[in-house]
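**Q** Let me begin by handing over the structure; questions about it come next.
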Amino acid sequence: MVVLVVGVILVGLSWIAAWGPFGVFSEHSFFPLWLGYILTINGLSQVLFKRSLLESMGWSFLLLFVISIPLWWFFEGMNAIVQNWHYHFVHPISAMNYFIQASIDFSTVVPAVLSASFFLAFVLQKSGRDWPKWRPRVTDARLAGSVLLGLGCFSLLPLFPDETFPLVWIAPILILEPMAFSIGYPALIADIRKNGWMRLFSIMAATVITGFFWEMWNYYSLPKWTYTVPYVGFWKVFEMPFFGYFGYPFFGIIIFSYAAIAIKLMRRQNLLDMFPNEA
């Protein structure tokens with residue numbers, strides 16, 4: 001309950017700061033706002049289901065903040081090619097200041113998505129709905145083909161950035177999932193074969209929900225980001241074009257696959273096993 005209360009208070013105060021004329025407090029509201037979101041989701045999960053990702057992972061939960069930083073810098077590198085989003089600041093800032101502040105803010109991405117995914121997995125588990133019985137057939141040839149296809153997608157980005165920008169959110173999956181599956185690390189394709197579709201759906205749906213809050217809180221904030229998306233840059237919901245939200249489910253898969261590999265490598269913990277199952 002304490003985590004929930006602290007999270008709600010932090011969200012409330014930071015939201016006011018983000019959208020208000022409060023100088024330095026408004027400029028640096030992103031991290032406390034999203035820390036509040038993370039604490040709120042984990043607190044709500046603990047109150048409703050007696051379990052949360054924060055409790056399940058223990059001190060390893062802090063690693064999610066650490067590994068989140070290089071993940072989003074990777075996507076910043078991809079954006080340097082496709083130029084889909086742009087940042088706007090109150091005043092010019094130095095490169096070092098930008099790097100430090102951006103890294104702090106980027107640290108919240110992975111724990112926010114995974115905390116929401118864990119919570120939604122419990123909600124779906126309690127709903128008792130039936131999930132598709134179909135299971136994918138995985139072969140060595142298909143795994144290898146997926147990796148090669150992923151590498152091919154990356155190679156196309158600098159050649160045709162306006163046409164291939166959606167591949168930014170697909171190519172990493174084609175590489176990460178086969179790699180994790182092949183070395184016996186937690187992989188969503190292995191989970192689907194063994195346990196079904198619930199955890200995959202919870203991750204994809206929770207990322208859309210989290211993305212909605214990203215875009216909503218960004219809308220009246222400064223600093224903020226805006227989008228330039230070729231061909232589908234219309235019907236905006238906040239700053240994000242409507243069709244841009246279809247990238248969030250794939251982003252969620254990337255986050256989970258990447259985090260599962262990192263946590264298994266660094267802490268020998270199986271992130272997949274911590275999540276609620278269909279049963």
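Scheme for the structure tokens: letters A, B, ... for chains in order shown; per-chain residue numbers from 1; ligand numbers from 1 in order shown.
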If we count only C-alpha atoms, what is near range 232-245 of chain A at a cut-off of 9 Å, once residues fewer than 5 positions away on the same chain are taken out, given as an MDAnalysis selection string?

**A** chainID A and resid 208 211:212 215:216 218:219 225:227

**Q** List as a VMD selection string the protein and nucleic acid residues near range 145-161 of chain A, meaning an atom at most 10 Å away when only C-alpha atoms are counted, but skip any in the same chain fewer than 3 places from it.

**A** chain A and resid 78 to 84 139 to 142 164 to 168 170 to 179 230

**Q** Next, dump the selected residues to file, keeping only N, CA and C atoms, as a PDB file, in the first residue's frame.

**A**
ATOM      1  N   MET A  78      18.744   4.493 -34.234  1.00  0.00           N
ATOM      2  CA  MET A  78      17.875   4.174 -35.361  1.00  0.00           C
ATOM      3  C   MET A  78      17.134   5.411 -35.858  1.00  0.00           C
ATOM      4  N   ASN A  79      16.720   6.263 -34.921  1.00  0.00           N
ATOM      5  CA  ASN A  79      16.006   7.475 -35.312  1.00  0.00           C
ATOM      6  C   ASN A  79      16.909   8.465 -36.045  1.00  0.00           C
ATOM      7  N   ALA A  80      18.206   8.392 -35.783  1.00  0.00           N
ATOM      8  CA  ALA A  80      19.136   9.236 -36.539  1.00  0.00           C
ATOM      9  C   ALA A  80      19.086   8.892 -38.021  1.00  0.00           C
ATOM     10  N   ILE A  81      18.664   7.659 -38.328  1.00  0.00           N
ATOM     11  CA  ILE A  81      18.533   7.227 -39.722  1.00  0.00           C
ATOM     12  C   ILE A  81      17.155   7.591 -40.275  1.00  0.00           C
ATOM     13  N   VAL A  82      16.093   7.243 -39.546  1.00  0.00           N
ATOM     14  CA  VAL A  82      14.734   7.410 -40.091  1.00  0.00           C
ATOM     15  C   VAL A  82      14.122   8.764 -39.781  1.00  0.00           C
ATOM     16  N   GLN A  83      14.644   9.451 -38.747  1.00  0.00           N
ATOM     17  CA  GLN A  83      14.178  10.814 -38.416  1.00  0.00           C
ATOM     18  C   GLN A  83      12.664  10.867 -38.192  1.00  0.00           C
ATOM     19  N   ASN A  84      12.152   9.969 -37.347  1.00  0.00           N
ATOM     20  CA  ASN A  84      10.707   9.930 -37.081  1.00  0.00           C
ATOM     21  C   ASN A  84      10.273  10.782 -35.900  1.00  0.00           C
ATOM     22  N   THR A 139      11.734 -24.379 -36.100  1.00  0.00           N
ATOM     23  CA  THR A 139      12.820 -25.227 -36.599  1.00  0.00           C
ATOM     24  C   THR A 139      14.101 -24.413 -36.653  1.00  0.00           C
ATOM     25  N   ASP A 140      15.224 -25.107 -36.723  1.00  0.00           N
ATOM     26  CA  ASP A 140      16.509 -24.401 -36.820  1.00  0.00           C
ATOM     27  C   ASP A 140      16.558 -23.527 -38.067  1.00  0.00           C
ATOM     28  N   ALA A 141      16.009 -24.015 -39.152  1.00  0.00           N
ATOM     29  CA  ALA A 141      16.022 -23.252 -40.401  1.00  0.00           C
ATOM     30  C   ALA A 141      15.216 -21.964 -40.264  1.00  0.00           C
ATOM     31  N   ARG A 142      14.072 -22.050 -39.587  1.00  0.00           N
ATOM     32  CA  ARG A 142      13.244 -20.857 -39.401  1.00  0.00           C
ATOM     33  C   ARG A 142      13.913 -19.858 -38.464  1.00  0.00           C
ATOM     34  N   THR A 164      11.006   2.153 -45.073  1.00  0.00           N
ATOM     35  CA  THR A 164      11.303   1.003 -44.200  1.00  0.00           C
ATOM     36  C   THR A 164      11.278   1.338 -42.711  1.00  0.00           C
ATOM     37  N   PHE A 165      10.883   2.556 -42.350  1.00  0.00           N
ATOM     38  CA  PHE A 165      10.952   2.936 -40.930  1.00  0.00           C
ATOM     39  C   PHE A 165      10.193   1.988 -39.995  1.00  0.00           C
ATOM     40  N   PRO A 166       9.072   1.323 -40.405  1.00  0.00           N
ATOM     41  CA  PRO A 166       8.435   0.381 -39.470  1.00  0.00           C
ATOM     42  C   PRO A 166       9.337  -0.775 -39.063  1.00  0.00           C
ATOM     43  N   LEU A 167      10.359  -1.073 -39.874  1.00  0.00           N
ATOM     44  CA  LEU A 167      11.246  -2.191 -39.573  1.00  0.00           C
ATOM     45  C   LEU A 167      12.080  -1.940 -38.317  1.00  0.00           C
ATOM     46  N   VAL A 168      12.178  -0.682 -37.903  1.00  0.00           N
ATOM     47  CA  VAL A 168      12.874  -0.362 -36.649  1.00  0.00           C
ATOM     48  C   VAL A 168      12.268  -1.137 -35.491  1.00  0.00           C
ATOM     49  N   ILE A 170      10.479  -4.007 -35.813  1.00  0.00           N
ATOM     50  CA  ILE A 170      10.301  -5.427 -36.157  1.00  0.00           C
ATOM     51  C   ILE A 170      11.632  -6.169 -36.198  1.00  0.00           C
ATOM     52  N   ALA A 171      12.639  -5.551 -36.780  1.00  0.00           N
ATOM     53  CA  ALA A 171      13.931  -6.216 -36.963  1.00  0.00           C
ATOM     54  C   ALA A 171      14.534  -6.740 -35.661  1.00  0.00           C
ATOM     55  N   PRO A 172      14.508  -5.968 -34.557  1.00  0.00           N
ATOM     56  CA  PRO A 172      15.104  -6.507 -33.326  1.00  0.00           C
ATOM     57  C   PRO A 172      14.432  -7.787 -32.840  1.00  0.00           C
ATOM     58  N   ILE A 173      13.119  -7.910 -33.039  1.00  0.00           N
ATOM     59  CA  ILE A 173      12.405  -9.130 -32.624  1.00  0.00           C
ATOM     60  C   ILE A 173      12.914 -10.327 -33.414  1.00  0.00           C
ATOM     61  N   LEU A 174      13.121 -10.128 -34.697  1.00  0.00           N
ATOM     62  CA  LEU A 174      13.557 -11.213 -35.574  1.00  0.00           C
ATOM     63  C   LEU A 174      14.936 -11.744 -35.191  1.00  0.00           C
ATOM     64  N   ILE A 175      15.692 -10.943 -34.455  1.00  0.00           N
ATOM     65  CA  ILE A 175      17.032 -11.358 -34.018  1.00  0.00           C
ATOM     66  C   ILE A 175      17.023 -11.824 -32.567  1.00  0.00           C
ATOM     67  N   LEU A 176      16.387 -11.050 -31.682  1.00  0.00           N
ATOM     68  CA  LEU A 176      16.427 -11.351 -30.246  1.00  0.00           C
ATOM     69  C   LEU A 176      15.722 -12.658 -29.893  1.00  0.00           C
ATOM     70  N   GLU A 177      14.522 -12.861 -30.431  1.00  0.00           N
ATOM     71  CA  GLU A 177      13.748 -14.044 -30.059  1.00  0.00           C
ATOM     72  C   GLU A 177      14.424 -15.351 -30.514  1.00  0.00           C
ATOM     73  N   PRO A 178      14.858 -15.479 -31.757  1.00  0.00           N
ATOM     74  CA  PRO A 178      15.569 -16.707 -32.142  1.00  0.00           C
ATOM     75  C   PRO A 178      16.859 -16.922 -31.354  1.00  0.00           C
ATOM     76  N   MET A 179      17.560 -15.832 -31.048  1.00  0.00           N
ATOM     77  CA  MET A 179      18.795 -15.953 -30.287  1.00  0.00           C
ATOM     78  C   MET A 179      18.509 -16.498 -28.887  1.00  0.00           C
ATOM     79  N   PRO A 230       6.554   9.449 -42.429  1.00  0.00           N
ATOM     80  CA  PRO A 230       6.167   9.457 -43.838  1.00  0.00           C
ATOM     81  C   PRO A 230       4.896   8.657 -44.095  1.00  0.00           C
TER      82      PRO A 230
END

**Q** If you run DSSP on the backbone here, which positions in range 16-58 of chain A get helix (DSSP H, G or I)? Please write them as a ChimeraX atom specification.

**A** /A:16-19,24-27,30-49,53-58

**Q** Please produce an output containing N, CA and C atoms for each residue in the selection, written as a short mmCIF file (atom, residue, chain, number, x, y, z; two decimals), in the first residue's frame.

**A**
data_model
loop_
_atom_site.label_atom_id
_atom_site.label_comp_id
_atom_site.auth_asym_id
_atom_site.auth_seq_id
_atom_site.Cartn_x
_atom_site.Cartn_y
_atom_site.Cartn_z
N ILE A 16 1.43 17.71 -12.60
CA ILE A 16 1.21 19.16 -12.48
C ILE A 16 2.45 19.93 -12.91
N ALA A 17 3.60 19.45 -12.47
CA ALA A 17 4.86 20.12 -12.84
C ALA A 17 5.12 20.04 -14.34
N ALA A 18 4.84 18.87 -14.93
CA ALA A 18 5.11 18.67 -16.36
C ALA A 18 4.29 19.61 -17.23
N TRP A 19 3.05 19.86 -16.85
CA TRP A 19 2.17 20.68 -17.67
C TRP A 19 2.09 22.14 -17.21
N VAL A 24 12.46 24.87 -13.63
CA VAL A 24 13.32 23.69 -13.58
C VAL A 24 12.53 22.45 -13.18
N PHE A 25 11.47 22.61 -12.37
CA PHE A 25 10.67 21.46 -11.97
C PHE A 25 9.93 20.87 -13.18
N SER A 26 9.43 21.74 -14.06
CA SER A 26 8.76 21.26 -15.27
C SER A 26 9.75 20.60 -16.22
N GLU A 27 10.93 21.19 -16.35
CA GLU A 27 11.94 20.67 -17.27
C GLU A 27 12.44 19.30 -16.87
N PHE A 30 10.01 14.51 -16.11
CA PHE A 30 9.78 13.24 -16.78
C PHE A 30 10.14 12.05 -15.89
N PHE A 31 11.33 12.06 -15.31
CA PHE A 31 11.74 10.91 -14.51
C PHE A 31 10.83 10.70 -13.29
N PRO A 32 10.57 11.72 -12.47
CA PRO A 32 9.68 11.46 -11.32
C PRO A 32 8.28 11.06 -11.73
N LEU A 33 7.79 11.60 -12.85
CA LEU A 33 6.46 11.22 -13.32
C LEU A 33 6.40 9.74 -13.66
N TRP A 34 7.43 9.26 -14.38
CA TRP A 34 7.42 7.85 -14.77
C TRP A 34 7.85 6.92 -13.65
N LEU A 35 8.63 7.42 -12.73
CA LEU A 35 8.89 6.63 -11.52
C LEU A 35 7.60 6.45 -10.74
N GLY A 36 6.78 7.51 -10.70
CA GLY A 36 5.48 7.40 -10.05
C GLY A 36 4.59 6.39 -10.75
N TYR A 37 4.60 6.39 -12.08
CA TYR A 37 3.82 5.40 -12.84
C TYR A 37 4.26 3.99 -12.49
N ILE A 38 5.55 3.77 -12.45
CA ILE A 38 6.10 2.44 -12.14
C ILE A 38 5.69 2.00 -10.74
N LEU A 39 5.82 2.89 -9.78
CA LEU A 39 5.45 2.56 -8.40
C LEU A 39 3.94 2.34 -8.28
N THR A 40 3.16 3.15 -8.98
CA THR A 40 1.70 3.01 -8.92
C THR A 40 1.26 1.65 -9.46
N ILE A 41 1.79 1.26 -10.61
CA ILE A 41 1.42 -0.03 -11.21
C ILE A 41 1.83 -1.18 -10.30
N ASN A 42 3.04 -1.12 -9.75
CA ASN A 42 3.48 -2.19 -8.85
C ASN A 42 2.69 -2.20 -7.55
N GLY A 43 2.39 -1.02 -7.03
CA GLY A 43 1.58 -0.95 -5.81
C GLY A 43 0.19 -1.49 -6.02
N LEU A 44 -0.41 -1.14 -7.16
CA LEU A 44 -1.75 -1.63 -7.48
C LEU A 44 -1.75 -3.15 -7.65
N SER A 45 -0.72 -3.66 -8.30
CA SER A 45 -0.60 -5.10 -8.47
C SER A 45 -0.47 -5.81 -7.12
N GLN A 46 0.31 -5.22 -6.22
CA GLN A 46 0.51 -5.81 -4.90
C GLN A 46 -0.79 -5.82 -4.09
N VAL A 47 -1.53 -4.72 -4.18
CA VAL A 47 -2.79 -4.62 -3.43
C VAL A 47 -3.83 -5.59 -3.98
N LEU A 48 -3.96 -5.67 -5.30
CA LEU A 48 -5.02 -6.49 -5.90
C LEU A 48 -4.68 -7.97 -5.98
N PHE A 49 -3.40 -8.27 -6.25
CA PHE A 49 -3.03 -9.66 -6.53
C PHE A 49 -1.99 -10.23 -5.57
N LEU A 53 5.78 -7.09 -9.93
CA LEU A 53 7.08 -7.36 -10.54
C LEU A 53 8.19 -6.87 -9.63
N LEU A 54 7.97 -5.76 -8.96
CA LEU A 54 8.96 -5.23 -8.03
C LEU A 54 9.27 -6.22 -6.92
N GLU A 55 8.23 -6.81 -6.34
CA GLU A 55 8.43 -7.79 -5.27
C GLU A 55 9.06 -9.07 -5.82
N SER A 56 8.62 -9.51 -6.99
CA SER A 56 9.12 -10.77 -7.56
C SER A 56 10.60 -10.70 -7.90
N MET A 57 11.04 -9.54 -8.40
CA MET A 57 12.43 -9.40 -8.83
C MET A 57 13.36 -8.98 -7.69
N GLY A 58 12.81 -8.35 -6.65
CA GLY A 58 13.66 -7.87 -5.57
C GLY A 58 14.61 -6.79 -6.06
#

**Q** Within 8 Å of Pro111 in chain A, counting only C-alpha atoms, which residues show up once you throw out same-chain ones fewer than 3 positions away? Write them as number ranges by chain, please.

**A** A: 38, 61, 64-65, 68, 107-108, 114-115

**Q** Convert the current residue selection to file output with C-alpha atoms, as a PDB file, in the first residue's frame.

**A**
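That gives us selection-v3.pdb:
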ATOM      1  CA  ILE A  38       6.101   2.444 -12.142  1.00  0.00           C
ATOM      2  CA  PHE A  61      14.296  -4.680 -10.372  1.00  0.00           C
ATOM      3  CA  LEU A  64      15.676  -2.753 -15.322  1.00  0.00           C
ATOM      4  CA  PHE A  65      16.455   0.966 -15.013  1.00  0.00           C
ATOM      5  CA  SER A  68      16.780   0.529 -20.197  1.00  0.00           C
ATOM      6  CA  SER A 107      15.967   4.530 -17.675  1.00  0.00           C
ATOM      7  CA  THR A 108      12.223   4.390 -16.990  1.00  0.00           C
ATOM      8  CA  LEU A 114       7.341  -4.635 -17.801  1.00  0.00           C
ATOM      9  CA  SER A 115       5.507  -3.498 -14.654  1.00  0.00           C
TER      10      SER A 115
END

**Q** Which polymer residues have any atom within 8 Å of an atom of Gly196 in chain A, counting only C-alpha atoms, with same-chain residues fewer than 4 positions away left out, as number ranges by chain?

**A** A: 131-133, 135, 191-192, 278
